[in-house]
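*Asks:* Here it is, the structure in full.
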Amino acid sequence: MALFPTGPIEQVSGTAIALPGEDIDTDRIIPARFLKCVSFEALGDQVFADDRLELSGEHPFDQARYQGASILVVNGNFGCGSSREHAPQALMRWGIRAVIGVSFAEIFYGNCLALGIPCVVAAPDQIKAIQAKVDREPDGSWQLDLATLQLTSSESSWPVTIEAGPLDMLRSGRWDATSQLLDHGPQVAALMKTLPYINRFTAD
Amino acid sequence: MSSGTLYDKVWDLHRVAELPGGSIQLFVGLHLIHEVTSPQAFSALKDKGLSVRCPERTVATVDHIVPTTSQERPFADPLAEEMLSTLERNCQEHGIPLNNIGSGRQGIVHVIAPELGLTQPGMTVACGDSHTSTHGAFGAIAFGIGTSQVRDVLASQSLAMNKLKVRRIQVNGLLSDGVSAKDLILHVIRRLGVKGGVGYAYEFAGSAIEALSMEERMTLCNMAIEGGARCGYVNPDQVTFDYLKGRPYAPTGDAWTRAVAWWSSLATDADATVDDEVVFDAAAIPPTVTWGITPGQGLGIDETVPSLDQLDAGERPIAEEAYRYMDLQPGTAIAGVPVDVCFIGSCTNGRLSDLRAAADVARGRQVAAGIKAFVVPGSEQVAKAAEAEGLDAVFRAAGFEWREPGCSMCLAMNPDRLEGRQISASSSNRNFKGRQGSASGRTLLMSPAMVAAAAVNGHVTDVRTLISPSAS
């Protein structure tokens with residue numbers, strides 16, 4: 001498995017995995033009982049645990065042809081529900097390095113960004129076509145290029161979109177926000193002086 | 001202050017800087033933490049050699065993993081015990097106050113922060129839990145965040161955020177007897193969809209909203225996230241101030257007067273423009289129950305499970321999945337669907353007024369044979385207040401179990417869970433597949449009074465048939 005994301009992210013390459021379905025929520029991505037942990041380490045094995053159990057080995061994440069995939073292709077409102085970062089952590093630890101979909105729930109999207117996992121968007125028809133191609137050619141190699149905003153595979157290429165801010169964060173390697181936020185320590189201190197509730201409204 | 005929405009004003013007051021990627025660094029006025037989403041954030045802090053920037057603006061509690069039967073330490077579940085001891089250690093190390101079990105102040109994070117007066121109008125609030133939107137009931141801007149962001153807030157007391165648009169959910173008129181804030185929000189999500197709010201903050205306004213108590217407003221804002229809105233809020237008013245007055249962290253004396261003036265100035269101005277507005281008629285909202293696997297799959301109590309041709313094309317695939325999973329067919333009346341388990345509690349509906357509404361239905365009645373029904377107060381304070389007015393006795397006499405405070409079966413990270421294909425009437429917030437602890441368990445979301453009605457009849461019931469016409 002490729003290493004976890006670090007530094008600037010210009011491209012994600014590898015095989016792809018198609019996971020059809022609308023409104024796939026975080027409880028399905030990682031059922032709540034697996035949140036009982038103080039580290040994210042074990043989550044890769046538990047991704048989609050209940051769905052996989054229900055499909056007894058037929059779930060895409062269990063199928064032999066999709067093992068080792070790094071690009072996940074989903075439909076609409078993927079990752080809705082909880083704010084649990086355990087969901088993208090579980091996907092990342094299984095091997096996912098980029099997600100292509102029709103739309104994403106906002107907190108999930110932000111959590112992915114904080115881990116260096118681009119979530120890019122394509123039109124519903126295009127997603128269907130991509131999923132069909134992934135299904136037909138599970139061994140096919142794919143490349144998500146953030147410079148050209150294209151998803152390409154053999155003989156095919158689809159345009160994808162991502163907002164300018166997240167794109168810049170990924171390409172510049174500044175997707176881990178902590179250091180940027182810490183850069184403005186003095187401004188935070190100054191702002192705190194302006195908020196009356198900080199001093200419990202004791203000053204006029 | 002210039003004309004604008006509360007969201008605009010609070011955003012501008014808390015804006016630290018623009019970040020290189022174009023997002024905004026926003027100061028966080030209150031950071032709430034709990035045992036599930038904080039341990040990895042504290043580890044990351046340690047790895048980076050960082051400390052907690054504002055421990056005095058950080059407050060901890062334990063809620064998700066606590067057992068609701070015996071809370072004796074160590075917990076029977078070693079993983080739950082490890083999570084609480086990790087939280088205790090992290091709080092100790094960083095000087096963060098922890099509202100631990102037995103303190104009198106422990107409970108679900110979105111129940112205790114308001115009841116302690118920690119949540120106040122005009123604040124920004126963040127917590128590693130999506131239902132942080134609850135705190136918007138006070139006119140705070142409150143976001144659920146992931147663990148990397150919990151780390152960011154611990155380290156810098158701020159977050160990288162993008163500004164949302166504002167959609168006003170205008171609800172005119174008054175809710176009918178037997179119809180609660182829970183019905184209202186389930187109705188709104190049904191109409192606008194589970195992704196309808198993506199990109200928006202929901203501003204709840206109108207006479208129906210103004211008439212709601214603070215606890216009802218919390219229920220409403222709690223589920224804004226289920227409609228896809230990152231946060232929801234109600235403008236602060238006299239109801240807000242009356243609720244806050246005298247609470248442990250509320251200002252007092254002259255400070256109180258200054259606070260009310262400041263809070264009042266933050267409410268959305270009459271001439272402020274919003275990006276979108278949707279109008280609802282409160283009187284037309286019935287008791288509402290979900291039938292499917294998303295909170296948007298709701299029905300008025302008199303309706304039947306929709307057929308595919310009654311739904312928009314985009315909703316059909318998830319409806320087909322819901323028919324299979326829930327084992328409910330198109331055309332089935334939702335009233336009368338048998339249930340196995342009845343759960344009253346959660347950050348949506350585990351407050352005192354919720355327990356009162358449920359107790360009013362349970363009083364003098366009996367839980368139907370074969371039904372497991374239990375009540376989990378949202379906090380130690382709620383439990384104490386409910387016991388003081390005898391609600392625990394009402395529930396026990398009717399055959400409900402009365403439990404210790406916690407998140408309980410809302411997400412089943414504790415011993416409370418559905419078994420196999422059991423179907424629950426639940427006052428919680430999510431009916432996702434597997435949400436209540438069994439991979440095949442099923443959830444029908446409804447108000448606490450409706451859960452109590454389902455418990456006594458053994459099936460989904462219009463609570464209006466069990467309450468006398470309001471004398472209130």
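Following the order of the structure tokens, first chain is A, next is B, and so on, with residues numbered from 1 inside each chain and ligands from 1 in the order they appear.
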Would you return as an MDAnalysis selection string the members of stretch 195-406 of chain B that DSSP assigns to alpha helix (DSSP H) on this structure's backbone?
*Replies:* chainID B and resid 207:210 214:222 238:244 253:266 316:326 346:349 352:362 380:388 391:398
*Asks:* Within 7 Å of chain B, which residues of chain A are there when counting only C-alpha atoms? Please give them as a PyMOL selection string.
*Replies:* chain A and resi 22+27-28+32-33+35-39+50+77+81-85+106-107+111+114+165-166+168-169+177-178+181-182+187-188+191+200-202
*Asks:* Please list as a list in words every residue within 9 Å of B:His94, counting only C-alpha atoms and excluding residues in the same chain fewer than 2 positions away.
*Replies:*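 Near neighbours after the sequence-gap exclusion: Ser51, Val52, Pro55, Arg89, Asn90, Cys91, Gln92 and Ile96 of chain B.
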*Asks:* Can you pull out every residue within 6 Å of A:Ser70, counting only C-alpha atoms, but drop anything in the same chain fewer than 2 positions away, and send it as a PyMOL selection string?
*Replies:* chain A and resi 14-16+95-97
*Asks:* One number please: atom CA of B:Gly441 to atom CA of B:Arg217, in Å, one decimal.
*Replies:*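 If I compute the distance from atom CA of B:Gly441 to atom CA of B:Arg217, I get 29.3 Å.
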*Asks:* I need the residue nearest B:Met446 from this list: B:Val394, B:Cys342, B:Ile108, B:Ala362. Use only C-alpha atoms for the distance.
*Replies:*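 Of B:Val394, B:Cys342, B:Ile108, B:Ala362, the one nearest B:Met446, counting only C-alpha atoms, is B:Cys342.
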*Asks:* With only C-alpha atoms as the basis for distance, which of A:Ile127, A:Cys112, A:Val47, A:Pro31 is at the shortest distance from A:Val73?
*Replies:*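 Closest to A:Val73 of all the choices is A:Ile127.
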*Asks:* Given only C-alpha atoms as the basis, pick out the residue of B:Val456, B:Ala140, B:Val59, B:Ala359 nearest to B:Asn100.
*Replies:* B:Val59
*Asks:* From the DSSP assignment of the backbone, select every residue of stretch 357-445 of chain B that is strand (DSSP E or B), and format the answer as a list in words.
*Replies:*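 Put together, the selection reads Lys372, Ala373, Phe374, Val375, Ser379, Glu401, Trp402, Ile423, Ser424, Ala425, Ser426, Arg442, Thr443, Leu444 and Leu445 of chain B.
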*Asks:* Which polymer residues have any atom within 8 Å of an atom of stretch 147-159 of chain A, counting only C-alpha atoms, with same-chain residues fewer than 3 positions away left out, as a JSON list (two decimals) with all heavy atoms, in the first residue's frame?
*Replies:*
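The new file result.json reads:
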[["chain", "number", "residue", "atom", "x", "y", "z"],
["A", 10, "GLU", "N", -0.12, 16.38, -6.40],
["A", 10, "GLU", "CA", -0.42, 16.78, -7.78],
["A", 10, "GLU", "C", -1.21, 15.71, -8.50],
["A", 10, "GLU", "O", -2.00, 15.99, -9.39],
["A", 10, "GLU", "CB", 0.88, 17.04, -8.56],
["A", 10, "GLU", "CG", 1.63, 18.28, -8.12],
["A", 10, "GLU", "CD", 1.01, 19.56, -8.67],
["A", 10, "GLU", "OE1", 0.06, 19.48, -9.47],
["A", 10, "GLU", "OE2", 1.48, 20.66, -8.28],
["A", 11, "GLN", "N", -0.95, 14.47, -8.13],
["A", 11, "GLN", "CA", -1.58, 13.35, -8.83],
["A", 11, "GLN", "C", -1.85, 12.21, -7.88],
["A", 11, "GLN", "O", -1.13, 12.03, -6.91],
["A", 11, "GLN", "CB", -0.60, 12.79, -9.89],
["A", 11, "GLN", "CG", -0.41, 13.68, -11.09],
["A", 11, "GLN", "CD", 0.62, 13.10, -12.03],
["A", 11, "GLN", "OE1", 1.35, 12.17, -11.68],
["A", 11, "GLN", "NE2", 0.66, 13.65, -13.23],
["A", 122, "ALA", "N", -17.62, 15.11, -10.42],
["A", 122, "ALA", "CA", -17.94, 15.04, -11.84],
["A", 122, "ALA", "C", -19.45, 14.90, -11.97],
["A", 122, "ALA", "O", -20.14, 14.59, -11.00],
["A", 122, "ALA", "CB", -17.23, 13.86, -12.50],
["A", 126, "GLN", "N", -21.32, 11.25, -15.98],
["A", 126, "GLN", "CA", -19.90, 10.91, -16.10],
["A", 126, "GLN", "C", -19.49, 9.91, -15.03],
["A", 126, "GLN", "O", -18.73, 8.98, -15.29],
["A", 126, "GLN", "CB", -19.05, 12.17, -16.01],
["A", 126, "GLN", "CG", -19.27, 13.07, -17.21],
["A", 126, "GLN", "CD", -18.38, 14.29, -17.20],
["A", 126, "GLN", "OE1", -18.01, 14.76, -16.13],
["A", 126, "GLN", "NE2", -18.05, 14.79, -18.36],
["A", 140, "GLY", "N", -7.56, -1.81, -14.77],
["A", 140, "GLY", "CA", -7.13, -0.62, -15.49],
["A", 140, "GLY", "C", -6.46, 0.39, -14.58],
["A", 140, "GLY", "O", -6.86, 0.54, -13.42],
["A", 141, "SER", "N", -5.45, 1.07, -15.11],
["A", 141, "SER", "CA", -4.81, 2.08, -14.26],
["A", 141, "SER", "C", -5.45, 3.44, -14.51],
["A", 141, "SER", "O", -5.84, 3.77, -15.63],
["A", 141, "SER", "CB", -3.30, 2.11, -14.51],
["A", 141, "SER", "OG", -3.07, 2.52, -15.82],
["A", 142, "TRP", "N", -5.57, 4.20, -13.46],
["A", 142, "TRP", "CA", -6.24, 5.50, -13.49],
["A", 142, "TRP", "C", -5.31, 6.57, -12.94],
["A", 142, "TRP", "O", -4.46, 6.28, -12.11],
["A", 142, "TRP", "CB", -7.51, 5.45, -12.62],
["A", 142, "TRP", "CG", -8.58, 4.58, -13.19],
["A", 142, "TRP", "CD1", -8.61, 3.22, -13.18],
["A", 142, "TRP", "CD2", -9.75, 5.00, -13.88],
["A", 142, "TRP", "NE1", -9.74, 2.76, -13.81],
["A", 142, "TRP", "CE2", -10.45, 3.84, -14.25],
["A", 142, "TRP", "CE3", -10.27, 6.25, -14.23],
["A", 142, "TRP", "CZ2", -11.66, 3.90, -14.95],
["A", 142, "TRP", "CZ3", -11.47, 6.30, -14.91],
["A", 142, "TRP", "CH2", -12.16, 5.14, -15.27],
["A", 143, "GLN", "N", -5.57, 7.77, -13.41],
["A", 143, "GLN", "CA", -4.76, 8.86, -12.88],
["A", 143, "GLN", "C", -5.64, 10.09, -12.67],
["A", 143, "GLN", "O", -6.33, 10.53, -13.59],
["A", 143, "GLN", "CB", -3.64, 9.20, -13.85],
["A", 143, "GLN", "CG", -2.65, 10.18, -13.25],
["A", 143, "GLN", "CD", -1.43, 10.31, -14.13],
["A", 143, "GLN", "OE1", -1.52, 10.79, -15.26],
["A", 143, "GLN", "NE2", -0.28, 9.89, -13.63],
["A", 144, "LEU", "N", -5.64, 10.57, -11.45],
["A", 144, "LEU", "CA", -6.30, 11.84, -11.17],
["A", 144, "LEU", "C", -5.22, 12.90, -11.15],
["A", 144, "LEU", "O", -4.29, 12.84, -10.34],
["A", 144, "LEU", "CB", -7.00, 11.80, -9.81],
["A", 144, "LEU", "CG", -7.56, 13.15, -9.33],
["A", 144, "LEU", "CD1", -8.70, 13.62, -10.22],
["A", 144, "LEU", "CD2", -8.03, 13.05, -7.88]]
*Asks:* Which distance in Å separates atom CA of B:Val166 and atom CA of B:Met223, to one decimal?
*Replies:*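 The value is 16.3 Å.
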*Asks:* Measuring between only C-alpha atoms, which one of A:Ile9, A:Trp94, A:Asn199, A:Gly21 shows the shortest distance to B:Glu320?
*Replies:*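 So, comparing all the options, the nearest one is A:Gly21.
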